[in-house]
file start_25.txt (compact mmCIF, C-alpha atoms)
# COMPACT_ATOMS: atom_id res chain seq x y z
CA MET A 1 133.30 81.16 113.14
CA THR A 2 132.62 84.04 110.76
CA ASP A 3 129.88 86.60 111.27
CA HIS A 4 127.79 85.06 108.48
CA ALA A 5 128.19 81.54 109.86
CA SER A 6 127.32 82.60 113.41
CA PHE A 7 124.20 84.41 112.21
CA ALA A 8 123.13 81.52 109.98
CA CYS A 9 123.66 78.97 112.73
CA GLY A 10 122.00 81.11 115.40
CA ALA A 11 119.01 82.07 113.25
CA ALA A 12 118.42 78.44 112.24
CA LEU A 13 118.67 77.23 115.84
CA GLY A 14 116.32 79.95 117.04
CA PHE A 15 113.84 79.13 114.28
CA LEU A 16 113.95 75.45 115.22
CA GLY A 17 113.53 76.40 118.87
CA ASP A 18 110.35 78.27 118.03
CA LEU A 19 109.10 75.28 116.03
CA ALA A 20 109.78 72.98 118.97
CA THR A 21 108.45 75.05 121.86
CA GLY A 22 106.56 78.14 120.72
CA ASP A 23 106.10 80.91 123.26
CA PRO A 24 106.19 79.92 126.95
CA ARG A 25 103.09 80.75 128.97
CA ARG A 26 105.16 82.60 131.55
CA GLY A 27 108.45 84.45 131.55
CA HIS A 28 108.58 85.35 127.86
CA PRO A 29 110.99 88.24 127.12
CA VAL A 30 108.42 89.99 124.92
CA ALA A 31 105.90 89.93 127.77
CA ALA A 32 108.53 91.46 130.06
CA PHE A 33 109.13 94.20 127.49
CA GLY A 34 105.39 94.80 127.31
CA ARG A 35 105.17 95.26 131.07
CA ALA A 36 108.06 97.72 131.00
CA ALA A 37 106.49 99.64 128.11
CA ALA A 38 103.16 99.78 129.96
CA ALA A 39 104.91 101.13 133.06
CA ALA A 40 106.62 103.80 130.95
CA GLU A 41 103.28 104.68 129.37
CA ARG A 42 101.69 105.26 132.78
CA ARG A 43 104.35 107.89 133.50
CA LEU A 44 104.57 109.49 130.07
CA TRP A 45 101.04 109.39 128.68
CA ARG A 46 99.69 112.69 127.43
CA ASP A 47 97.24 113.26 124.61
CA HIS A 48 100.16 114.52 122.53
CA ARG A 49 102.28 113.14 119.69
CA GLY A 50 105.50 114.38 121.22
CA TYR A 51 105.07 112.35 124.39
CA GLY A 52 104.16 109.32 122.28
CA ALA A 53 107.33 109.77 120.23
CA LEU A 54 109.35 109.96 123.45
CA HIS A 55 107.71 106.77 124.68
CA THR A 56 108.52 104.99 121.41
CA ALA A 57 112.13 106.21 121.42
CA LEU A 58 112.72 105.19 125.02
CA CYS A 59 111.13 101.75 124.72
CA ALA A 60 112.11 100.61 121.23
CA GLY A 61 115.39 102.52 121.19
CA GLY A 62 116.25 101.27 124.65
CA ALA A 63 115.59 97.66 123.66
CA ALA A 64 117.75 97.93 120.53
CA ALA A 65 120.52 99.74 122.42
CA GLY A 66 120.51 97.12 125.16
CA ALA A 67 120.78 94.38 122.54
CA ALA A 68 123.69 96.22 120.90
CA LEU A 69 125.53 96.48 124.22
CA LEU A 70 124.93 92.79 124.90
CA THR A 71 126.25 91.94 121.45
CA ARG A 72 129.41 93.95 122.10
CA ALA A 73 129.90 92.18 125.40
CA VAL A 74 129.53 88.77 123.78
CA ARG A 75 132.04 89.70 121.07
CA ALA A 76 134.59 90.38 123.79
CA LEU A 77 134.35 86.78 125.03
CA GLY A 78 136.81 84.14 123.93
CA GLY A 79 135.52 81.88 121.17
CA ARG A 80 133.19 84.64 120.15
CA GLY A 81 131.71 82.86 117.12
CA GLY A 82 129.96 80.24 119.22
CA ALA A 83 128.86 82.82 121.76
CA GLN A 84 127.45 85.07 119.04
CA ALA A 85 125.59 82.13 117.50
CA ALA A 86 124.10 81.29 120.89
CA LEU A 87 123.00 84.90 121.43
CA THR A 88 121.48 85.06 117.95
CA ALA A 89 119.65 81.79 118.59
CA ALA A 90 118.21 83.07 121.87
CA ALA A 91 117.14 86.37 120.30
CA THR A 92 115.60 84.68 117.26
CA TRP A 93 113.62 82.29 119.44
CA ALA A 94 112.43 85.19 121.62
CA VAL A 95 111.16 87.35 118.76
CA LEU A 96 109.56 84.71 116.51
CA GLY A 97 105.96 83.75 117.06
CA GLY A 98 105.09 81.47 114.16
CA THR A 99 104.44 78.33 116.19
CA THR A 100 102.20 80.06 118.70
CA LEU A 101 100.37 81.77 115.83
CA GLY A 102 99.62 78.41 114.24
CA ARG A 103 98.64 76.88 117.58
CA GLU A 104 96.11 79.61 118.35
CA ALA A 105 94.71 79.56 114.81
CA ARG A 106 94.26 75.78 114.99
CA ALA A 107 92.41 76.11 118.30
CA VAL A 108 89.85 78.42 116.69
CA GLY A 109 89.66 76.26 113.59
CA GLY A 110 89.11 73.14 115.67
CA ALA A 111 86.25 74.79 117.53
CA LEU A 112 84.64 75.88 114.26
CA THR A 113 85.00 72.40 112.77
CA ALA A 114 83.36 70.92 115.88
CA GLY A 115 80.48 73.38 115.54
CA ASP A 116 81.31 75.08 118.85
CA LEU A 117 80.85 78.72 117.88
CA GLU A 118 81.06 79.98 121.46
CA ALA A 119 84.43 78.31 121.99
CA ALA A 120 85.67 79.83 118.74
CA ARG A 121 84.50 83.26 119.84
CA GLU A 122 86.20 82.83 123.21
CA ARG A 123 89.51 81.88 121.58
CA LEU A 124 89.57 84.49 118.81
CA PRO A 125 90.88 87.38 120.98
CA HIS A 126 94.14 85.42 121.37
CA LEU A 127 94.73 86.21 117.69
CA CYS A 128 93.18 89.62 117.00
CA GLY A 129 91.29 92.47 118.62
CA ARG A 130 87.97 92.11 116.82
CA ASP A 131 84.70 91.83 118.69
CA PRO A 132 83.98 88.08 118.43
CA GLN A 133 80.37 88.34 119.62
CA THR A 134 79.35 90.00 116.36
CA LEU A 135 80.89 87.29 114.16
CA ASP A 136 79.40 84.10 112.77
CA GLY A 137 81.43 81.02 111.80
CA PRO A 138 82.58 82.13 108.31
CA GLN A 139 83.43 85.60 109.63
CA ILE A 140 85.54 84.08 112.42
CA ALA A 141 87.31 81.87 109.88
CA ARG A 142 88.01 84.93 107.74
CA ALA A 143 89.39 86.82 110.75
CA VAL A 144 91.71 83.92 111.56
CA VAL A 145 93.07 83.65 108.02
CA GLU A 146 93.64 87.42 107.90
CA SER A 147 95.42 87.27 111.27
CA VAL A 148 97.61 84.36 110.15
CA ALA A 149 98.58 86.29 107.02
CA GLU A 150 99.37 89.56 108.79
CA ASN A 151 101.21 87.94 111.67
CA THR A 152 103.32 85.82 109.35
CA SER A 153 104.86 89.13 108.34
CA ASP A 154 104.91 90.72 111.80
CA ALA A 155 105.90 87.73 113.93
CA VAL A 156 108.19 85.85 111.55
CA VAL A 157 109.36 87.39 108.28
CA GLY A 158 109.84 90.99 109.40
CA ALA A 159 111.96 89.92 112.36
CA LEU A 160 114.17 87.71 110.18
CA VAL A 161 114.63 90.53 107.67
CA TRP A 162 115.79 92.95 110.34
CA GLY A 163 117.96 90.24 111.86
CA ALA A 164 119.71 89.94 108.51
CA VAL A 165 120.17 93.72 108.43
CA GLY A 166 121.18 94.38 112.01
CA GLY A 167 121.87 91.12 113.79
CA VAL A 168 120.59 90.78 117.34
CA PRO A 169 119.80 94.52 117.71
CA GLY A 170 117.77 94.30 114.49
CA LEU A 171 115.81 91.31 115.78
CA ILE A 172 115.09 92.89 119.15
CA GLY A 173 114.42 96.38 117.80
CA PHE A 174 111.89 95.16 115.24
CA ARG A 175 109.97 93.09 117.78
CA ALA A 176 109.97 96.03 120.22
CA VAL A 177 108.51 98.36 117.57
CA ASN A 178 105.91 95.79 116.55
CA THR A 179 104.90 95.20 120.17
CA LEU A 180 104.54 98.91 120.83
CA ASP A 181 102.33 99.26 117.77
CA ALA A 182 100.08 96.48 119.08
CA MET A 183 99.90 98.21 122.46
CA VAL A 184 99.41 101.88 121.54
CA GLY A 185 99.37 102.15 117.73
CA HIS A 186 95.62 101.88 117.17
CA ARG A 187 93.17 104.72 116.62
CA SER A 188 91.26 104.66 119.88
CA PRO A 189 90.61 108.03 121.56
CA ARG A 190 93.40 107.37 124.07
CA TYR A 191 96.05 106.49 121.50
CA ARG A 192 95.13 108.49 118.40
CA ARG A 193 97.90 111.01 119.18
CA PHE A 194 100.04 109.20 121.74
CA GLY A 195 100.36 106.09 119.56
CA TRP A 196 100.98 107.95 116.31
CA ALA A 197 104.77 107.60 116.44
CA ALA A 198 104.68 103.88 117.27
CA ALA A 199 102.29 103.23 114.38
CA ARG A 200 104.39 105.20 111.88
CA VAL A 201 107.66 103.58 112.94
CA ASP A 202 106.01 100.17 112.68
CA ASP A 203 104.80 101.03 109.15
CA VAL A 204 108.38 101.83 108.11
CA ALA A 205 109.95 98.85 109.89
CA GLY A 206 107.35 96.45 108.55
CA TRP A 207 107.58 97.55 104.91
CA PRO A 208 110.35 95.20 103.68
CA GLY A 209 109.06 92.18 105.60
CA ALA A 210 105.53 92.65 104.29
CA ARG A 211 106.70 92.74 100.66
CA LEU A 212 108.91 89.70 101.17
CA THR A 213 106.00 87.88 102.81
CA ALA A 214 103.74 88.69 99.87
CA ALA A 215 106.38 87.55 97.39
CA LEU A 216 107.04 84.29 99.22
CA ALA A 217 103.31 83.58 99.64
CA THR A 218 102.99 84.06 95.89
CA LEU A 219 105.82 81.62 95.20
CA ALA A 220 104.93 79.04 97.85
CA GLY A 221 101.14 79.10 97.64
CA PRO A 222 98.92 76.71 95.68
CA ASP A 223 97.92 79.43 93.16
CA PRO A 224 100.89 81.71 92.34
CA ARG A 225 99.07 83.45 89.51
CA GLY A 226 96.04 84.21 91.68
CA ALA A 227 98.26 85.45 94.50
CA TRP A 228 100.20 87.76 92.15
CA HIS A 229 97.08 89.26 90.62
CA ALA A 230 95.37 89.79 93.99
CA TRP A 231 98.52 91.39 95.43
CA ARG A 232 98.96 93.78 92.54
CA ARG A 233 95.26 94.63 92.21
CA ASP A 234 94.14 94.82 95.84
CA GLY A 235 97.21 95.23 98.06
CA ARG A 236 97.10 99.03 97.99
CA ARG A 237 93.39 99.20 98.77
CA HIS A 238 93.84 98.06 102.36
CA PRO A 239 94.08 100.85 105.00
CA SER A 240 97.34 99.33 106.28
CA PRO A 241 100.29 99.77 103.90
CA ASN A 242 101.79 96.48 105.10
CA ALA A 243 98.80 94.26 105.88
CA GLY A 244 97.34 94.95 102.43
CA PRO A 245 99.96 93.18 100.28
CA VAL A 246 100.22 90.28 102.73
CA GLU A 247 96.50 89.62 103.08
CA ALA A 248 95.87 90.08 99.38
CA SER A 249 98.60 87.61 98.41
CA PHE A 250 97.32 85.04 100.93
CA ALA A 251 93.77 85.53 99.63
CA GLY A 252 94.84 84.95 96.04
CA ALA A 253 97.09 82.01 96.93
CA LEU A 254 94.29 80.27 98.85
CA GLY A 255 91.54 81.25 96.42
CA VAL A 256 89.44 82.95 99.13
CA ARG A 257 87.91 86.38 99.63
CA LEU A 258 89.20 88.49 102.52
CA GLY A 259 88.38 91.98 103.79
CA GLY A 260 84.96 93.60 104.12
CA THR A 261 83.12 94.86 107.18
CA LEU A 262 84.53 94.17 110.64
CA ALA A 263 84.18 95.40 114.22
CA TYR A 264 87.48 96.31 115.85
CA GLY A 265 88.23 98.15 119.07
CA GLY A 266 84.65 99.28 119.56
CA ARG A 267 84.20 100.66 116.04
CA VAL A 268 82.98 99.31 112.71
CA GLU A 269 85.28 99.42 109.68
CA HIS A 270 84.29 98.81 106.06
CA ARG A 271 87.47 97.55 104.42
CA PRO A 272 87.89 96.81 100.73
CA VAL A 273 87.38 93.24 99.62
CA LEU A 274 90.62 91.46 98.70
CA ASN A 275 90.52 88.94 95.84
CA SER A 276 86.86 89.59 95.12
CA GLY A 277 86.69 86.65 92.73
CA GLY A 278 87.53 84.17 95.49
CA ARG A 279 85.08 82.12 97.53
CA PRO A 280 84.10 82.82 101.15
CA VAL A 281 86.52 81.52 103.79
CA GLU A 282 85.70 78.17 105.38
CA ALA A 283 87.02 76.59 108.57
CA ALA A 284 89.20 74.21 106.53
CA ASP A 285 91.03 77.21 105.04
CA ILE A 286 92.55 77.99 108.43
CA GLU A 287 94.79 74.92 108.24
CA ARG A 288 95.68 75.78 104.65
CA ALA A 289 96.69 79.29 105.75
CA ILE A 290 98.80 77.87 108.59
CA ARG A 291 100.65 75.56 106.21
CA LEU A 292 101.28 78.45 103.82
CA SER A 293 102.53 80.57 106.72
CA ARG A 294 104.97 77.83 107.72
CA ARG A 295 106.34 77.52 104.20
CA VAL A 296 106.75 81.29 103.98
CA GLY A 297 108.63 81.30 107.30
CA VAL A 298 111.08 78.62 106.18
CA LEU A 299 111.73 80.43 102.91
CA ALA A 300 112.18 83.74 104.74
CA LEU A 301 114.82 82.14 106.95
CA GLY A 302 116.71 80.99 103.87
CA VAL A 303 116.43 84.37 102.16
CA SER A 304 117.58 86.23 105.29
CA VAL A 305 120.60 83.98 105.78
CA ALA A 306 121.56 84.20 102.12
CA ALA A 307 121.12 87.99 102.02
CA ARG A 308 123.03 88.69 105.24
CA PRO A 309 126.50 89.15 103.64
CA VAL A 310 125.13 91.52 101.00
CA LEU A 311 123.18 93.56 103.55
CA ARG A 312 126.18 93.75 105.85
CA ALA A 313 128.34 94.99 102.98
CA LEU A 314 125.79 97.65 102.07
CA THR A 315 125.40 98.91 105.65
CA ARG A 316 129.01 98.60 106.79
CA ARG A 317 130.58 101.91 107.78
CA PRO A 318 133.67 103.11 105.87
CA GLY A 319 136.75 101.76 107.56
CA ALA A 320 134.86 98.93 109.26
CA VAL A 321 136.15 96.22 106.92
CA GLY A 322 137.44 93.28 108.91
CA ARG A 323 135.43 93.90 112.05
CA GLY A 324 133.15 91.22 113.39
CA GLY A 325 129.39 91.59 112.96
CA GLY A 326 126.52 91.11 115.39
call {"tool": "encode", "arguments": {"input": "start_25.txt", "output": "structure tokens"}}
result
Amino acid sequence: MTDHASFACGAALGFLGDLATGDPRRGHPVAAFGRAAAAAERRLWRDHRGYGALHTALCAGGAAAGAALLTRAVRALGGRGGAQAALTAAATWAVLGGTTLGREARAVGGALTAGDLEAARERLPHLCGRDPQTLDGPQIARAVVESVAENTSDAVVGALVWGAVGGVPGLIGFRAVNTLDAMVGHRSPRYRRFGWAAARVDDVAGWPGARLTAALATLAGPDPRGAWHAWRRDGRRHPSPNAGPVEASFAGALGVRLGGTLAYGGRVEHRPVLNSGGRPVEAADIERAIRLSRRVGVLALGVSVAARPVLRALTRRPGAVGRGGG
């Protein structure tokens, strides 16, 4: 089995595995990484960018290096194509979070539809870090749609892009960086300096996946023209260089208005409105956003598999022609 075939087979199997099972409640590899990163933080934390950079290098670099060593070990096995496909499948399943994202979004949407605002508020922190007690029903619905959009890039498309670039180490390294950003990359007093490196690395790693997500949402959404115009007009106005294009394209595709004032991490932010000509978000739009997210994920899998040979050729070291890939 060639490198391209083993990646294609493994990525497809891992994607289907996520569709079938989602994230387990216990024993998930990403949760284990989070515990290890938290333990390293307890030893390394200082109110200093340098210590934060060391933490990021040790955790994310260590995860990617471990994946590279495991890939080398698998290549040494007999019948390596099947073994590589199995490893790719396991890694893809571990790093993708599209099914769990949809499940949690539907739980909030179901509570809103049933008129149970307290249940919706209780469930919202499973998706994002906003203060749910300050939000009414439409604001919760807006938060869910924004979270679905952003996490489609972070938990699905970005990982597949880096899998196409770097195989299993790319998959694992991207998810490690994204997890570190969620843990320490925000602007609270504790992490403003320590989390700076994790946030900047995540910005760089997330750049290609965010643009691909925006492009695919434009193509796959119910209003391609609206998605394109919202992306081009409003994507750069968002404080996040990667969330902006994604949320703007989803807003335009769904015909809704995103952004505005929100409470996050104990502070109030006044974000620009995305797709200002759209209507306010309703509970029914949550399901529409989930369906769009699923279509984007399927398309991203196809793009990543198709692009893998080209990306491998571009990144292959001189003299490496003929060697097997991860």
call {"tool": "closest_atom_pairs", "arguments": {"input": "start_25.txt", "of": "region 145-234 of chain A", "to": "region 114-130 of chain A", "cutoff": "12 Å", "atoms": "only C-alpha atoms", "output": "Markdown table"}}
result
| residue | atom | partner | partner_atom | distance |
| --- | --- | --- | --- | --- |
| A:Val145 | CA | A:Leu127 | CA | 10.1 |
| A:Glu146 | CA | A:Cys128 | CA | 9.4 |
| A:Ser147 | CA | A:Leu127 | CA | 6.5 |
| A:Val148 | CA | A:Leu127 | CA | 8.3 |
| A:Ala149 | CA | A:Leu127 | CA | 11.3 |
| A:Glu150 | CA | A:Cys128 | CA | 10.3 |
| A:Asn151 | CA | A:Leu127 | CA | 9.0 |
| A:Thr152 | CA | A:Leu127 | CA | 12.0 |
| A:Ala155 | CA | A:Leu127 | CA | 11.9 |
| A:Ala182 | CA | A:Gly129 | CA | 9.7 |
| A:Met183 | CA | A:Gly129 | CA | 11.0 |
| A:His186 | CA | A:Gly129 | CA | 10.5 |
call {"tool": "atom_distance", "arguments": {"input": "start_25.txt", "atom1": "CA of Gly206 (chain A)", "atom2": "CA of Ala159 (chain A)"}}
result
8.9 Å
call {"tool": "axis_aligned_box", "arguments": {"input": "start_25.txt", "around": "region 133-142 of chain A", "padding_each_side": "5 Å", "output": "lines of an AutoDock Vina configuration file"}}
result
center_x = 83.7
center_y = 85.5
center_z = 113.7
size_x = 18.7
size_y = 19.0
size_z = 21.9
call {"tool": "residues_around", "arguments": {"input": "start_25.txt", "residues": "Phe7 (chain A)", "least_positions_apart": "5", "cutoff": "9 Å", "atoms": "only C-alpha atoms", "output": "NGL selection string"}}
result
:A and (2 or 12 or 84-85 or 88-89 or 163-164 or 167-168 or 305 or 308 or 325-326)
call {"tool": "residues_around", "arguments": {"input": "start_25.txt", "residues": "Asn275 (chain A)", "least_positions_apart": "4", "cutoff": "7 Å", "atoms": "all atoms listed in the file", "output": "PDB file with C-alpha atoms, in the coordinates of the input"}}
result
ATOM      1  CA  ALA A 230      95.370  89.790  93.990  1.00  0.00           C
ATOM      2  CA  ASP A 234      94.140  94.820  95.840  1.00  0.00           C
ATOM      3  CA  ALA A 248      95.870  90.080  99.380  1.00  0.00           C
ATOM      4  CA  ALA A 251      93.770  85.530  99.630  1.00  0.00           C
ATOM      5  CA  GLY A 252      94.840  84.950  96.040  1.00  0.00           C
ATOM      6  CA  VAL A 256      89.440  82.950  99.130  1.00  0.00           C
ATOM      7  CA  ARG A 257      87.910  86.380  99.630  1.00  0.00           C
ATOM      8  CA  LEU A 258      89.200  88.490 102.520  1.00  0.00           C
TER       9      LEU A 258
END
call {"tool": "residues_around", "arguments": {"input": "start_25.txt", "residues": "His270 (chain A)", "least_positions_apart": "5", "cutoff": "12 Å", "atoms": "all atoms listed in the file", "output": "PyMOL selection string"}}
result
chain A and resi 237-239+258-264
call {"tool": "atom_distance", "arguments": {"input": "start_25.txt", "atom1": "CA of Pro29 (chain A)", "atom2": "CA of Glu287 (chain A)"}}
result
28.2 Å
call {"tool": "residues_near_point", "arguments": {"input": "start_25.txt", "point": "(92.7, 77.4, 104.6)", "cutoff": "10 Å", "atoms": "only C-alpha atoms", "output": "list in words"}}
result
Gly109, Ala141, Arg142, Val144, Val145, Phe250, Ala251, Ala253, Leu254, Gly255, Val256, Val281, Glu282, Ala283, Ala284, Asp285, Ile286, Glu287, Arg288, Ala289, Ile290, Arg291 and Leu292 of chain A
call {"tool": "residues_around", "arguments": {"input": "start_25.txt", "residues": "Val161 (chain A)", "least_positions_apart": "3", "cutoff": "10 Å", "atoms": "all atoms listed in the file", "output": "PDB file with C-alpha atoms, in the coordinates of the input"}}
result
ATOM      1  CA  SER A 153     104.860  89.130 108.340  1.00  0.00           C
ATOM      2  CA  VAL A 156     108.190  85.850 111.550  1.00  0.00           C
ATOM      3  CA  VAL A 157     109.360  87.390 108.280  1.00  0.00           C
ATOM      4  CA  GLY A 158     109.840  90.990 109.400  1.00  0.00           C
ATOM      5  CA  ALA A 164     119.710  89.940 108.510  1.00  0.00           C
ATOM      6  CA  VAL A 165     120.170  93.720 108.430  1.00  0.00           C
ATOM      7  CA  GLY A 166     121.180  94.380 112.010  1.00  0.00           C
ATOM      8  CA  GLY A 167     121.870  91.120 113.790  1.00  0.00           C
ATOM      9  CA  GLY A 170     117.770  94.300 114.490  1.00  0.00           C
ATOM     10  CA  LEU A 171     115.810  91.310 115.780  1.00  0.00           C
ATOM     11  CA  PHE A 174     111.890  95.160 115.240  1.00  0.00           C
ATOM     12  CA  ALA A 205     109.950  98.850 109.890  1.00  0.00           C
ATOM     13  CA  GLY A 206     107.350  96.450 108.550  1.00  0.00           C
ATOM     14  CA  PRO A 208     110.350  95.200 103.680  1.00  0.00           C
ATOM     15  CA  GLY A 209     109.060  92.180 105.600  1.00  0.00           C
ATOM     16  CA  ALA A 210     105.530  92.650 104.290  1.00  0.00           C
ATOM     17  CA  LEU A 212     108.910  89.700 101.170  1.00  0.00           C
ATOM     18  CA  ALA A 300     112.180  83.740 104.740  1.00  0.00           C
ATOM     19  CA  LEU A 301     114.820  82.140 106.950  1.00  0.00           C
ATOM     20  CA  VAL A 303     116.430  84.370 102.160  1.00  0.00           C
ATOM     21  CA  SER A 304     117.580  86.230 105.290  1.00  0.00           C
ATOM     22  CA  VAL A 305     120.600  83.980 105.780  1.00  0.00           C
ATOM     23  CA  ALA A 307     121.120  87.990 102.020  1.00  0.00           C
ATOM     24  CA  ARG A 308     123.030  88.690 105.240  1.00  0.00           C
ATOM     25  CA  LEU A 311     123.180  93.560 103.550  1.00  0.00           C
TER      26      LEU A 311
END
call {"tool": "atom_distance", "arguments": {"input": "start_25.txt", "atom1": "CA of Ala107 (chain A)", "atom2": "CA of Asp203 (chain A)"}}
result
29.3 Å
call {"tool": "closest_residue", "arguments": {"input": "start_25.txt", "among": "A:Cys9, A:Ala105, A:Val177, A:Ile140", "to": "Ala37 (chain A)", "atoms": "only C-alpha atoms"}}
result
A:Val177
call {"tool": "residues_around", "arguments": {"input": "start_25.txt", "residues": "region 54-60 of chain A", "least_positions_apart": "3", "cutoff": "7 Å", "atoms": "all atoms listed in the file", "output": "PyMOL selection string"}}
result
chain A and resi 37+41+44+50-51+63-64+173+176-177+197-198
call {"tool": "closest_residue", "arguments": {"input": "start_25.txt", "among": "A:Ala111, A:Ala214, A:Arg295, A:Gly34", "to": "Thr179 (chain A)", "atoms": "only C-alpha atoms"}}
result
A:Gly34
call {"tool": "residues_near_point", "arguments": {"input": "start_25.txt", "point": "(102.7, 96.6, 95.5)", "cutoff": "10 Å", "atoms": "all atoms listed in the file", "output": "list in words"}}
result
Arg211, Ala214, Ala215, Trp228, Trp231, Arg232, Arg233, Asp234, Gly235, Arg236, Pro241, Asn242, Gly244, Pro245 and Val246 of chain A
call {"tool": "closest_residue", "arguments": {"input": "start_25.txt", "among": "A:Leu135, A:Leu160, A:Leu19, A:Ala76", "to": "Thr99 (chain A)", "atoms": "only C-alpha atoms"}}
result
A:Leu19
call {"tool": "closest_residue", "arguments": {"input": "start_25.txt", "among": "A:Arg106, A:His4, A:Arg42, A:Arg25", "to": "Arg312 (chain A)", "atoms": "only C-alpha atoms"}}
result
A:His4
call {"tool": "closest_residue", "arguments": {"input": "start_25.txt", "among": "A:Arg103, A:Arg192, A:His229, A:Arg26", "to": "Arg294 (chain A)", "atoms": "all atoms listed in the file"}}
result
A:Arg103
call {"tool": "closest_residue", "arguments": {"input": "start_25.txt", "among": "A:Ala220, A:Ala313, A:Leu274, A:Val204", "to": "Val298 (chain A)", "atoms": "all atoms listed in the file"}}
result
A:Ala220
call {"tool": "build_atoms", "arguments": {"input": "start_25.txt", "residues": "region 174-187 of chain A", "atoms": "N, CA and C atoms", "output": "JSON list (two decimals), keeping the file's coordinate frame"}}
result
[["chain", "number", "residue", "atom", "x", "y", "z"],
["A", 174, "PHE", "N", 113.12, 95.35, 116.02],
["A", 174, "PHE", "CA", 111.89, 95.16, 115.24],
["A", 174, "PHE", "C", 110.76, 94.65, 116.12],
["A", 175, "ARG", "N", 111.04, 93.65, 116.95],
["A", 175, "ARG", "CA", 109.97, 93.09, 117.78],
["A", 175, "ARG", "C", 109.48, 94.13, 118.78],
["A", 176, "ALA", "N", 110.38, 94.98, 119.28],
["A", 176, "ALA", "CA", 109.97, 96.03, 120.22],
["A", 176, "ALA", "C", 109.02, 97.01, 119.54],
["A", 177, "VAL", "N", 109.36, 97.43, 118.32],
["A", 177, "VAL", "CA", 108.51, 98.36, 117.57],
["A", 177, "VAL", "C", 107.15, 97.73, 117.29],
["A", 178, "ASN", "N", 107.16, 96.47, 116.87],
["A", 178, "ASN", "CA", 105.91, 95.79, 116.55],
["A", 178, "ASN", "C", 105.03, 95.61, 117.79],
["A", 179, "THR", "N", 105.66, 95.34, 118.93],
["A", 179, "THR", "CA", 104.90, 95.20, 120.17],
["A", 179, "THR", "C", 104.30, 96.52, 120.61],
["A", 180, "LEU", "N", 105.06, 97.59, 120.48],
["A", 180, "LEU", "CA", 104.54, 98.91, 120.83],
["A", 180, "LEU", "C", 103.36, 99.29, 119.95],
["A", 181, "ASP", "N", 103.44, 98.96, 118.66],
["A", 181, "ASP", "CA", 102.33, 99.26, 117.77],
["A", 181, "ASP", "C", 101.07, 98.52, 118.20],
["A", 182, "ALA", "N", 101.23, 97.25, 118.61],
["A", 182, "ALA", "CA", 100.08, 96.48, 119.08],
["A", 182, "ALA", "C", 99.50, 97.06, 120.37],
["A", 183, "MET", "N", 100.35, 97.68, 121.18],
["A", 183, "MET", "CA", 99.90, 98.21, 122.46],
["A", 183, "MET", "C", 99.25, 99.59, 122.33],
["A", 184, "VAL", "N", 99.87, 100.48, 121.55],
["A", 184, "VAL", "CA", 99.41, 101.88, 121.54],
["A", 184, "VAL", "C", 99.17, 102.43, 120.13],
["A", 185, "GLY", "N", 99.39, 101.61, 119.09],
["A", 185, "GLY", "CA", 99.37, 102.15, 117.73],
["A", 185, "GLY", "C", 98.02, 102.18, 117.06],
["A", 186, "HIS", "N", 96.94, 101.87, 117.80],
["A", 186, "HIS", "CA", 95.62, 101.88, 117.17],
["A", 186, "HIS", "C", 94.93, 103.23, 117.35],
["A", 187, "ARG", "N", 93.80, 103.40, 116.69],
["A", 187, "ARG", "CA", 93.17, 104.72, 116.62],
["A", 187, "ARG", "C", 92.05, 104.91, 117.64]]
